[in-house]
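K.L.:
run10.pdb (PDB, C-alpha atoms (C1' of nucleotides)) pasted underneath:
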ATOM      1  CA  MET A   1      51.132  61.766   3.213  1.00  0.00           C
ATOM      2  CA  LEU A   2      48.713  60.182   5.632  1.00  0.00           C
ATOM      3  CA  SER A   3      47.930  61.753   8.971  1.00  0.00           C
ATOM      4  CA  ARG A   4      45.920  60.110  11.725  1.00  0.00           C
ATOM      5  CA  LEU A   5      42.477  61.584  12.316  1.00  0.00           C
ATOM      6  CA  ALA A   6      42.287  63.307  15.697  1.00  0.00           C
ATOM      7  CA  PRO A   7      39.816  61.996  18.295  1.00  0.00           C
ATOM      8  CA  ALA A   8      37.828  65.232  17.932  1.00  0.00           C
ATOM      9  CA  PHE A   9      36.891  64.148  14.407  1.00  0.00           C
ATOM     10  CA  PHE A  10      34.662  61.450  15.888  1.00  0.00           C
ATOM     11  CA  ALA A  11      33.095  63.611  18.610  1.00  0.00           C
ATOM     12  CA  ARG A  12      30.301  64.761  16.304  1.00  0.00           C
ATOM     13  CA  PRO A  13      26.910  63.456  15.157  1.00  0.00           C
ATOM     14  CA  SER A  14      27.134  59.949  13.673  1.00  0.00           C
ATOM     15  CA  ALA A  15      25.769  60.898  10.262  1.00  0.00           C
ATOM     16  CA  THR A  16      28.305  63.721   9.943  1.00  0.00           C
ATOM     17  CA  VAL A  17      31.197  61.471  10.910  1.00  0.00           C
ATOM     18  CA  ALA A  18      29.944  58.760   8.554  1.00  0.00           C
ATOM     19  CA  ARG A  19      29.752  61.105   5.580  1.00  0.00           C
ATOM     20  CA  GLU A  20      33.194  62.562   6.298  1.00  0.00           C
ATOM     21  CA  LEU A  21      34.832  59.166   6.742  1.00  0.00           C
ATOM     22  CA  LEU A  22      34.254  58.501   3.042  1.00  0.00           C
ATOM     23  CA  GLY A  23      37.570  58.844   1.263  1.00  0.00           C
ATOM     24  CA  THR A  24      39.661  58.485   4.417  1.00  0.00           C
ATOM     25  CA  PHE A  25      42.046  55.600   4.893  1.00  0.00           C
ATOM     26  CA  ILE A  26      42.098  52.684   7.308  1.00  0.00           C
ATOM     27  CA  VAL A  27      45.687  51.976   8.287  1.00  0.00           C
ATOM     28  CA  GLN A  28      46.481  48.564   9.765  1.00  0.00           C
ATOM     29  CA  THR A  29      50.041  48.523  11.095  1.00  0.00           C
ATOM     30  CA  GLU A  30      49.845  45.188  12.877  1.00  0.00           C
ATOM     31  CA  GLY A  31      51.455  42.307  11.024  1.00  0.00           C
ATOM     32  CA  PRO A  32      54.546  42.281   8.789  1.00  0.00           C
ATOM     33  CA  THR A  33      53.226  44.655   6.117  1.00  0.00           C
ATOM     34  CA  THR A  34      51.142  47.756   6.713  1.00  0.00           C
ATOM     35  CA  LYS A  35      47.790  47.559   5.004  1.00  0.00           C
ATOM     36  CA  ILE A  36      45.958  50.622   3.738  1.00  0.00           C
ATOM     37  CA  ALA A  37      42.400  50.737   2.427  1.00  0.00           C
ATOM     38  CA  ARG A  38      40.209  53.630   1.314  1.00  0.00           C
ATOM     39  CA  VAL A  39      36.763  53.878   2.919  1.00  0.00           C
ATOM     40  CA  VAL A  40      34.003  53.788   0.297  1.00  0.00           C
ATOM     41  CA  GLU A  41      30.865  52.801   2.241  1.00  0.00           C
ATOM     42  CA  VAL A  42      29.657  53.531   5.785  1.00  0.00           C
ATOM     43  CA  GLU A  43      26.481  53.552   7.866  1.00  0.00           C
ATOM     44  CA  ALA A  44      25.526  55.747  10.808  1.00  0.00           C
ATOM     45  CA  TYR A  45      23.904  54.164  13.856  1.00  0.00           C
ATOM     46  CA  LEU A  46      22.334  56.386  16.462  1.00  0.00           C
ATOM     47  CA  GLY A  47      21.310  55.933  20.093  1.00  0.00           C
ATOM     48  CA  GLN A  48      18.399  54.355  21.933  1.00  0.00           C
ATOM     49  CA  GLN A  49      15.854  55.963  19.617  1.00  0.00           C
ATOM     50  CA  ASP A  50      17.319  54.105  16.600  1.00  0.00           C
ATOM     51  CA  ALA A  51      15.557  50.731  16.339  1.00  0.00           C
ATOM     52  CA  ALA A  52      18.312  49.401  14.082  1.00  0.00           C
ATOM     53  CA  SER A  53      21.123  50.272  16.496  1.00  0.00           C
ATOM     54  CA  HIS A  54      22.723  47.974  19.050  1.00  0.00           C
ATOM     55  CA  ALA A  55      22.218  50.890  21.443  1.00  0.00           C
ATOM     56  CA  ARG A  56      18.438  50.499  21.179  1.00  0.00           C
ATOM     57  CA  ARG A  57      18.273  48.431  24.383  1.00  0.00           C
ATOM     58  CA  GLY A  58      20.454  50.836  26.319  1.00  0.00           C
ATOM     59  CA  PRO A  59      23.993  50.275  27.584  1.00  0.00           C
ATOM     60  CA  THR A  60      23.998  46.470  27.688  1.00  0.00           C
ATOM     61  CA  PRO A  61      27.398  44.760  28.117  1.00  0.00           C
ATOM     62  CA  ARG A  62      27.921  44.615  24.366  1.00  0.00           C
ATOM     63  CA  ALA A  63      26.554  48.029  23.458  1.00  0.00           C
ATOM     64  CA  ALA A  64      27.933  49.994  26.430  1.00  0.00           C
ATOM     65  CA  ILE A  65      30.934  51.087  24.384  1.00  0.00           C
ATOM     66  CA  MET A  66      28.583  52.992  22.079  1.00  0.00           C
ATOM     67  CA  PHE A  67      27.608  55.129  25.064  1.00  0.00           C
ATOM     68  CA  GLY A  68      31.215  55.821  26.028  1.00  0.00           C
ATOM     69  CA  PRO A  69      33.778  58.297  24.728  1.00  0.00           C
ATOM     70  CA  PRO A  70      34.139  58.726  20.950  1.00  0.00           C
ATOM     71  CA  ALA A  71      37.112  57.635  18.831  1.00  0.00           C
ATOM     72  CA  HIS A  72      37.078  54.092  20.212  1.00  0.00           C
ATOM     73  CA  LEU A  73      36.597  50.954  18.142  1.00  0.00           C
ATOM     74  CA  TYR A  74      33.482  48.838  18.516  1.00  0.00           C
ATOM     75  CA  VAL A  75      33.994  45.388  16.986  1.00  0.00           C
ATOM     76  CA  TYR A  76      31.411  42.625  17.299  1.00  0.00           C
ATOM     77  CA  LEU A  77      30.559  39.273  15.745  1.00  0.00           C
ATOM     78  CA  VAL A  78      27.479  38.841  13.550  1.00  0.00           C
ATOM     79  CA  TYR A  79      25.909  35.587  12.424  1.00  0.00           C
ATOM     80  CA  GLY A  80      28.463  33.701  14.462  1.00  0.00           C
ATOM     81  CA  MET A  81      31.202  34.200  11.903  1.00  0.00           C
ATOM     82  CA  HIS A  82      31.713  37.723  10.619  1.00  0.00           C
ATOM     83  CA  HIS A  83      33.275  40.640  12.465  1.00  0.00           C
ATOM     84  CA  CYS A  84      32.015  44.186  11.984  1.00  0.00           C
ATOM     85  CA  LEU A  85      34.162  47.295  12.452  1.00  0.00           C
ATOM     86  CA  ASN A  86      32.589  50.385  13.987  1.00  0.00           C
ATOM     87  CA  VAL A  87      33.868  53.665  15.378  1.00  0.00           C
ATOM     88  CA  VAL A  88      32.167  55.245  18.387  1.00  0.00           C
ATOM     89  CA  THR A  89      30.895  58.766  17.744  1.00  0.00           C
ATOM     90  CA  GLU A  90      29.060  61.574  19.565  1.00  0.00           C
ATOM     91  CA  SER A  91      30.130  62.935  22.953  1.00  0.00           C
ATOM     92  CA  ASP A  92      30.790  60.772  25.998  1.00  0.00           C
ATOM     93  CA  GLY A  93      27.446  59.581  27.370  1.00  0.00           C
ATOM     94  CA  VAL A  94      25.641  59.846  24.024  1.00  0.00           C
ATOM     95  CA  ALA A  95      25.349  56.608  22.037  1.00  0.00           C
ATOM     96  CA  GLY A  96      26.401  56.487  18.410  1.00  0.00           C
ATOM     97  CA  ALA A  97      28.676  54.657  16.000  1.00  0.00           C
ATOM     98  CA  VAL A  98      29.620  54.389  12.351  1.00  0.00           C
ATOM     99  CA  LEU A  99      29.803  50.965  10.713  1.00  0.00           C
ATOM    100  CA  ILE A 100      32.547  50.673   8.094  1.00  0.00           C
ATOM    101  CA  ARG A 101      30.943  48.555   5.372  1.00  0.00           C
ATOM    102  CA  ALA A 102      33.451  48.576   2.547  1.00  0.00           C
ATOM    103  CA  ALA A 103      36.877  49.820   1.537  1.00  0.00           C
ATOM    104  CA  GLU A 104      39.125  49.762  -1.471  1.00  0.00           C
ATOM    105  CA  PRO A 105      42.516  48.046  -1.026  1.00  0.00           C
ATOM    106  CA  VAL A 106      45.300  50.582  -1.597  1.00  0.00           C
ATOM    107  CA  ARG A 107      48.481  48.978  -0.337  1.00  0.00           C
ATOM    108  CA  GLY A 108      49.641  45.808   1.417  1.00  0.00           C
ATOM    109  CA  PHE A 109      47.136  43.451  -0.174  1.00  0.00           C
ATOM    110  CA  ALA A 110      49.446  41.852  -2.727  1.00  0.00           C
ATOM    111  CA  ILE A 111      48.471  38.206  -2.739  1.00  0.00           C
ATOM    112  CA  ALA A 112      50.071  35.567  -4.939  1.00  0.00           C
ATOM    113  CA  ASP A 113      47.094  33.261  -5.196  1.00  0.00           C
ATOM    114  CA  GLN A 114      44.733  34.222  -7.988  1.00  0.00           C
ATOM    115  CA  LYS A 115      41.638  33.119  -6.133  1.00  0.00           C
ATOM    116  CA  GLU A 116      42.518  35.158  -3.064  1.00  0.00           C
ATOM    117  CA  ARG A 117      43.268  38.140  -5.262  1.00  0.00           C
ATOM    118  CA  ALA A 118      39.711  38.037  -6.508  1.00  0.00           C
ATOM    119  CA  ILE A 119      38.419  37.930  -2.962  1.00  0.00           C
ATOM    120  CA  TRP A 120      40.404  40.936  -1.774  1.00  0.00           C
ATOM    121  CA  ARG A 121      40.045  42.995  -4.949  1.00  0.00           C
ATOM    122  CA  ALA A 122      37.416  44.783  -2.957  1.00  0.00           C
ATOM    123  CA  LEU A 123      36.877  44.785   0.813  1.00  0.00           C
ATOM    124  CA  ALA A 124      33.162  44.891   0.060  1.00  0.00           C
ATOM    125  CA  GLY A 125      30.916  44.159   3.012  1.00  0.00           C
ATOM    126  CA  PRO A 126      31.698  44.551   6.732  1.00  0.00           C
ATOM    127  CA  GLY A 127      32.623  40.889   7.183  1.00  0.00           C
ATOM    128  CA  LYS A 128      35.080  40.783   4.311  1.00  0.00           C
ATOM    129  CA  LEU A 129      36.528  44.114   5.338  1.00  0.00           C
ATOM    130  CA  CYS A 130      37.383  42.774   8.780  1.00  0.00           C
ATOM    131  CA  ALA A 131      38.734  39.529   7.348  1.00  0.00           C
ATOM    132  CA  GLY A 132      40.938  41.401   4.877  1.00  0.00           C
ATOM    133  CA  LEU A 133      42.288  43.806   7.487  1.00  0.00           C
ATOM    134  CA  GLU A 134      42.573  41.081  10.127  1.00  0.00           C
ATOM    135  CA  ILE A 135      40.238  42.842  12.519  1.00  0.00           C
ATOM    136  CA  THR A 136      38.756  40.763  15.327  1.00  0.00           C
ATOM    137  CA  ARG A 137      37.183  41.292  18.723  1.00  0.00           C
ATOM    138  CA  ARG A 138      40.570  41.960  20.238  1.00  0.00           C
ATOM    139  CA  HIS A 139      40.303  45.381  18.597  1.00  0.00           C
ATOM    140  CA  ASN A 140      37.131  46.117  20.534  1.00  0.00           C
ATOM    141  CA  GLY A 141      37.625  49.136  22.773  1.00  0.00           C
ATOM    142  CA  MET A 142      40.872  50.335  21.188  1.00  0.00           C
ATOM    143  CA  ASN A 143      41.455  54.081  21.378  1.00  0.00           C
ATOM    144  CA  LEU A 144      41.937  55.531  17.900  1.00  0.00           C
ATOM    145  CA  GLY A 145      44.249  58.180  19.318  1.00  0.00           C
ATOM    146  CA  ASP A 146      47.068  55.670  19.793  1.00  0.00           C
ATOM    147  CA  SER A 147      45.940  52.346  18.293  1.00  0.00           C
ATOM    148  CA  PRO A 148      47.953  50.338  15.731  1.00  0.00           C
ATOM    149  CA  LEU A 149      44.815  50.326  13.591  1.00  0.00           C
ATOM    150  CA  TYR A 150      43.608  53.825  12.806  1.00  0.00           C
ATOM    151  CA  PHE A 151      41.960  56.209  10.361  1.00  0.00           C
ATOM    152  CA  ALA A 152      43.921  58.783   8.411  1.00  0.00           C
ATOM    153  CA  ASN A 153      43.375  61.385   5.742  1.00  0.00           C
ATOM    154  CA  ASP A 154      45.592  62.447   2.891  1.00  0.00           C
ATOM    155  CA  ALA A 155      45.783  66.177   2.251  1.00  0.00           C
ATOM    156  CA  GLU A 156      46.866  65.540  -1.333  1.00  0.00           C
ATOM    157  CA  ALA A 157      44.064  63.123  -2.176  1.00  0.00           C
ATOM    158  CA  PRO A 158      41.315  64.578  -4.373  1.00  0.00           C
ATOM    159  CA  PRO A 159      38.175  65.477  -2.416  1.00  0.00           C
ATOM    160  CA  VAL A 160      35.260  63.070  -2.380  1.00  0.00           C
ATOM    161  CA  THR A 161      32.406  63.894  -4.748  1.00  0.00           C
ATOM    162  CA  GLN A 162      29.385  61.930  -5.922  1.00  0.00           C
ATOM    163  CA  VAL A 163      28.268  60.670  -2.543  1.00  0.00           C
ATOM    164  CA  GLY A 164      25.299  58.314  -2.628  1.00  0.00           C
ATOM    165  CA  VAL A 165      22.829  58.158   0.262  1.00  0.00           C
ATOM    166  CA  SER A 166      20.454  55.277   0.951  1.00  0.00           C
ATOM    167  CA  ALA A 167      18.764  53.193   3.617  1.00  0.00           C
ATOM    168  CA  ARG A 168      21.021  50.944   5.688  1.00  0.00           C
ATOM    169  CA  ILE A 169      21.594  47.314   4.720  1.00  0.00           C
ATOM    170  CA  GLY A 170      20.177  44.369   6.663  1.00  0.00           C
ATOM    171  CA  VAL A 171      17.987  46.241   9.121  1.00  0.00           C
ATOM    172  CA  ALA A 172      14.542  45.547   7.657  1.00  0.00           C
ATOM    173  CA  TYR A 173      13.229  44.641  11.123  1.00  0.00           C
ATOM    174  CA  ALA A 174      13.703  48.199  12.372  1.00  0.00           C
ATOM    175  CA  GLY A 175      10.359  49.615  11.242  1.00  0.00           C
ATOM    176  CA  ALA A 176      10.477  53.272  10.273  1.00  0.00           C
ATOM    177  CA  TRP A 177      14.174  53.429  11.140  1.00  0.00           C
ATOM    178  CA  ALA A 178      14.898  50.907   8.386  1.00  0.00           C
ATOM    179  CA  LYS A 179      13.971  53.591   5.873  1.00  0.00           C
ATOM    180  CA  ARG A 180      16.194  56.320   7.241  1.00  0.00           C
ATOM    181  CA  LYS A 181      18.876  57.431   4.811  1.00  0.00           C
ATOM    182  CA  LEU A 182      21.902  56.783   6.981  1.00  0.00           C
ATOM    183  CA  ARG A 183      24.108  54.880   4.538  1.00  0.00           C
ATOM    184  CA  PHE A 184      26.732  56.801   2.584  1.00  0.00           C
ATOM    185  CA  TYR A 185      28.853  55.483  -0.261  1.00  0.00           C
ATOM    186  CA  LEU A 186      31.004  56.592  -3.164  1.00  0.00           C
ATOM    187  CA  ARG A 187      28.665  56.455  -6.115  1.00  0.00           C
ATOM    188  CA  GLY A 188      29.944  54.219  -8.896  1.00  0.00           C
ATOM    189  CA  ASN A 189      32.861  52.869  -6.876  1.00  0.00           C
ATOM    190  CA  PRO A 190      33.350  49.141  -7.643  1.00  0.00           C
ATOM    191  CA  SER A 191      34.252  48.338  -4.022  1.00  0.00           C
ATOM    192  CA  VAL A 192      30.843  49.341  -2.668  1.00  0.00           C
ATOM    193  CA  SER A 193      29.135  46.213  -1.346  1.00  0.00           C
ATOM    194  CA  VAL A 194      25.528  46.410  -2.503  1.00  0.00           C
ATOM    195  CA  ARG A 195      25.109  47.674  -6.031  1.00  0.00           C
ATOM    196  CA  PRO A 196      22.838  50.674  -5.619  1.00  0.00           C
ATOM    197  CA  ASN A 197      20.596  51.654  -8.494  1.00  0.00           C
ATOM    198  CA  ASP A 198      21.991  55.074  -9.137  1.00  0.00           C
TER
ATOM    199  C1'  DG B 199      19.419  28.074  32.121  1.00  0.00           C
ATOM    200  C1'  DC B 200      17.434  28.107  27.502  1.00  0.00           C
ATOM    201  C1'  DC B 201      16.643  29.653  22.905  1.00  0.00           C
ATOM    202  C1'  DA B 202      15.532  32.658  18.848  1.00  0.00           C
ATOM    203  C1'  DC B 203      17.802  35.587  16.067  1.00  0.00           C
ATOM    204  C1'  DG B 204      20.908  38.714  13.781  1.00  0.00           C
ATOM    205  C1'  DA B 205      24.368  45.846  11.216  1.00  0.00           C
ATOM    206  C1'  DT B 206      26.784  38.597   6.522  1.00  0.00           C
ATOM    207  C1'  DA B 207      28.239  36.461   2.314  1.00  0.00           C
ATOM    208  C1'  DG B 208      28.850  32.527  -0.694  1.00  0.00           C
ATOM    209  C1'  DT B 209      26.655  29.174  -3.254  1.00  0.00           C
ATOM    210  C1'  DG B 210      22.657  26.869  -5.981  1.00  0.00           C
TER
ATOM    211  C1'  DA C 211      16.421  30.323  -1.321  1.00  0.00           C
ATOM    212  C1'  DC C 212      19.538  28.253   1.859  1.00  0.00           C
ATOM    213  C1'  DT C 213      23.118  27.855   5.180  1.00  0.00           C
ATOM    214  C1'  DA C 214      27.395  28.097   8.149  1.00  0.00           C
ATOM    215  C1'  DT C 215      27.916  29.167  13.139  1.00  0.00           C
ATOM    216  C1'  DC C 216      27.862  31.678  17.932  1.00  0.00           C
ATOM    217  C1'  DG C 217      27.345  35.749  21.119  1.00  0.00           C
ATOM    218  C1'  DT C 218      23.758  38.560  22.832  1.00  0.00           C
ATOM    219  C1'  DG C 219      19.925  39.472  25.319  1.00  0.00           C
ATOM    220  C1'  DG C 220      14.922  38.351  26.316  1.00  0.00           C
ATOM    221  C1'  DC C 221      12.441  35.596  29.061  1.00  0.00           C
ATOM    222  C1'  DG C 222      11.286  32.392  32.869  1.00  0.00           C
TER
END
What does this structure look like when you write it as structure tokens?
P.N.:
Amino acid sequence: MLSRLAPAFFARPSATVARELLGTFIVQTEGPTTKIARVVEVEAYLGQQDAASHARRGPTPRAAIMFGPPAHLYVYLVYGMHHCLNVVTESDGVAGAVLIRAAEPVRGFAIADQKERAIWRALAGPGKLCAGLEITRRHNGMNLGDSPLYFANDAEAPPVTQVGVSARIGVAYAGAWAKRKLRFYLRGNPSVSVRPND
DNA sequence: GCCACGATAGTG
DNA sequence: ACTATCGTGGCG
């Protein structure tokens, strides 16, 4: 039985929220069939001090939401074609977010076409995850307390073990911050996007 | 205004 | 290694 995560869950340090989001479920109730996917890979992004974070330049029009209240969605477009799903963390006024990088389809992804089935076998990578869950910029700013797309946990699901920790993906430009171990994933899970050497 | 450059992913 | 494709933000 899935129950929506309370807003207070997100009002904590980004790395803590990131780690604890592993094993939770993304529930997408928009559209004809509810889609559910299990979170297997996340990254924490911090505030202005984090050279890899969109908050690094302060509360610009795009990044301002990262400085606002937690438990809101931050969705943006990268490379002109892929959407990325983030959840705002920390307390109001403190910048932070968690990027959801990959999830494992659980329900609602039945697709007749064999080729498409291969594509959605894993929602591996932030762009594919958003495509598979039909997440676009219209979700930007949604409040997770009452949104049709939300995070939930399952009290009966086995607890997450074997958590891998590594540097974040695609932030090589960020100097020392590129090396920080702020990526968390389920070790050995086939839906994780970049095959770690563990 | 103009322009370089991504928190990507598929293909060769 | 190359590329599709466009919003953001730095700079003038």
K.L.:
With the cut-off set at 7 Å and counting all atoms listed in the file, tabulate each residue of chain B with an atom at most that distance from an atom of chain A, showing the nearest atom pair and its distance in Å to one decimal, ordered by chain and increasing number, as a tab-separated table.
P.N.:
residue	atom	partner	partner_atom	distance
B:DG204	C1'	A:Tyr79	CA	6.1
B:DA205	C1'	A:Gly170	CA	6.4
B:DT206	C1'	A:Gly127	CA	6.3
K.L.:
Hey, what comes out of the PyMOL selection byres ((chain A and resi 98) around 12) on this file? Could you write it as a VMD selection string?
P.N.:
(chain A and resid 10 to 22 39 41 to 47 53 to 54 66 70 to 75 84 to 90 95 to 97 99 to 101 126 168 182 to 184) or (chain B and resid 205)
K.L.:
Hey, what comes out of the PyMOL selection byres ((chain C and resi 220) around 12) on this file? Could you write it as a list in words?
P.N.:
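Selection result, ordered by chain and number: Arg57 of chain A; DC200, DC201, DA202 and DC203 of chain B; DT218, DG219, DC221 and DG222 of chain C.
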K.L.:
Compile the residues of chain C that lie within 8 Å of chain A, evaluated using only C-alpha atoms (C1' of nucleotides), and express the compilation as a PyMOL selection string.
P.N.:
chain C and resi 215-218
K.L.:
For CA of Pro7 (chain A) and CA of Pro69 (chain A), quote the distance in Å rounded to one decimal.
P.N.:
9.6 Å
K.L.:
To one decimal in Å, tell me the separation between CA of Gly145 (chain A) and CA of Ala6 (chain A).
P.N.:
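So the two atoms, CA of Gly145 (chain A) and CA of Ala6 (chain A), lie 6.6 Å apart.
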K.L.:
Quick one: of A:Pro105, A:Gly58, A:Gly188, A:Gly141, who's nearest to Thr34 (chain A), counting all atoms listed in the file?
P.N.:
A:Pro105
K.L.:
Residue by residue, what does the PyMOL selection byres ((chain B and resi 210) around 9) grab here? Present the result as a list in words.
P.N.:
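Applied to this file, the PyMOL selection byres ((chain B and resi 210) around 9) selects DT209 of chain B; DA211 and DC212 of chain C.
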K.L.:
I'd like the interatomic distance between CA of Ile135 (chain A) and CA of Pro59 (chain A), to a tenth of an Å.
P.N.:
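Computing it gives 23.4 Å between the two atoms.
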K.L.:
So, with only C-alpha atoms as the atoms that count, which of A:Ala37, A:Ala64, A:Ala55, A:Met142 lies closest to Leu129 (chain A)?
P.N.:
A:Ala37
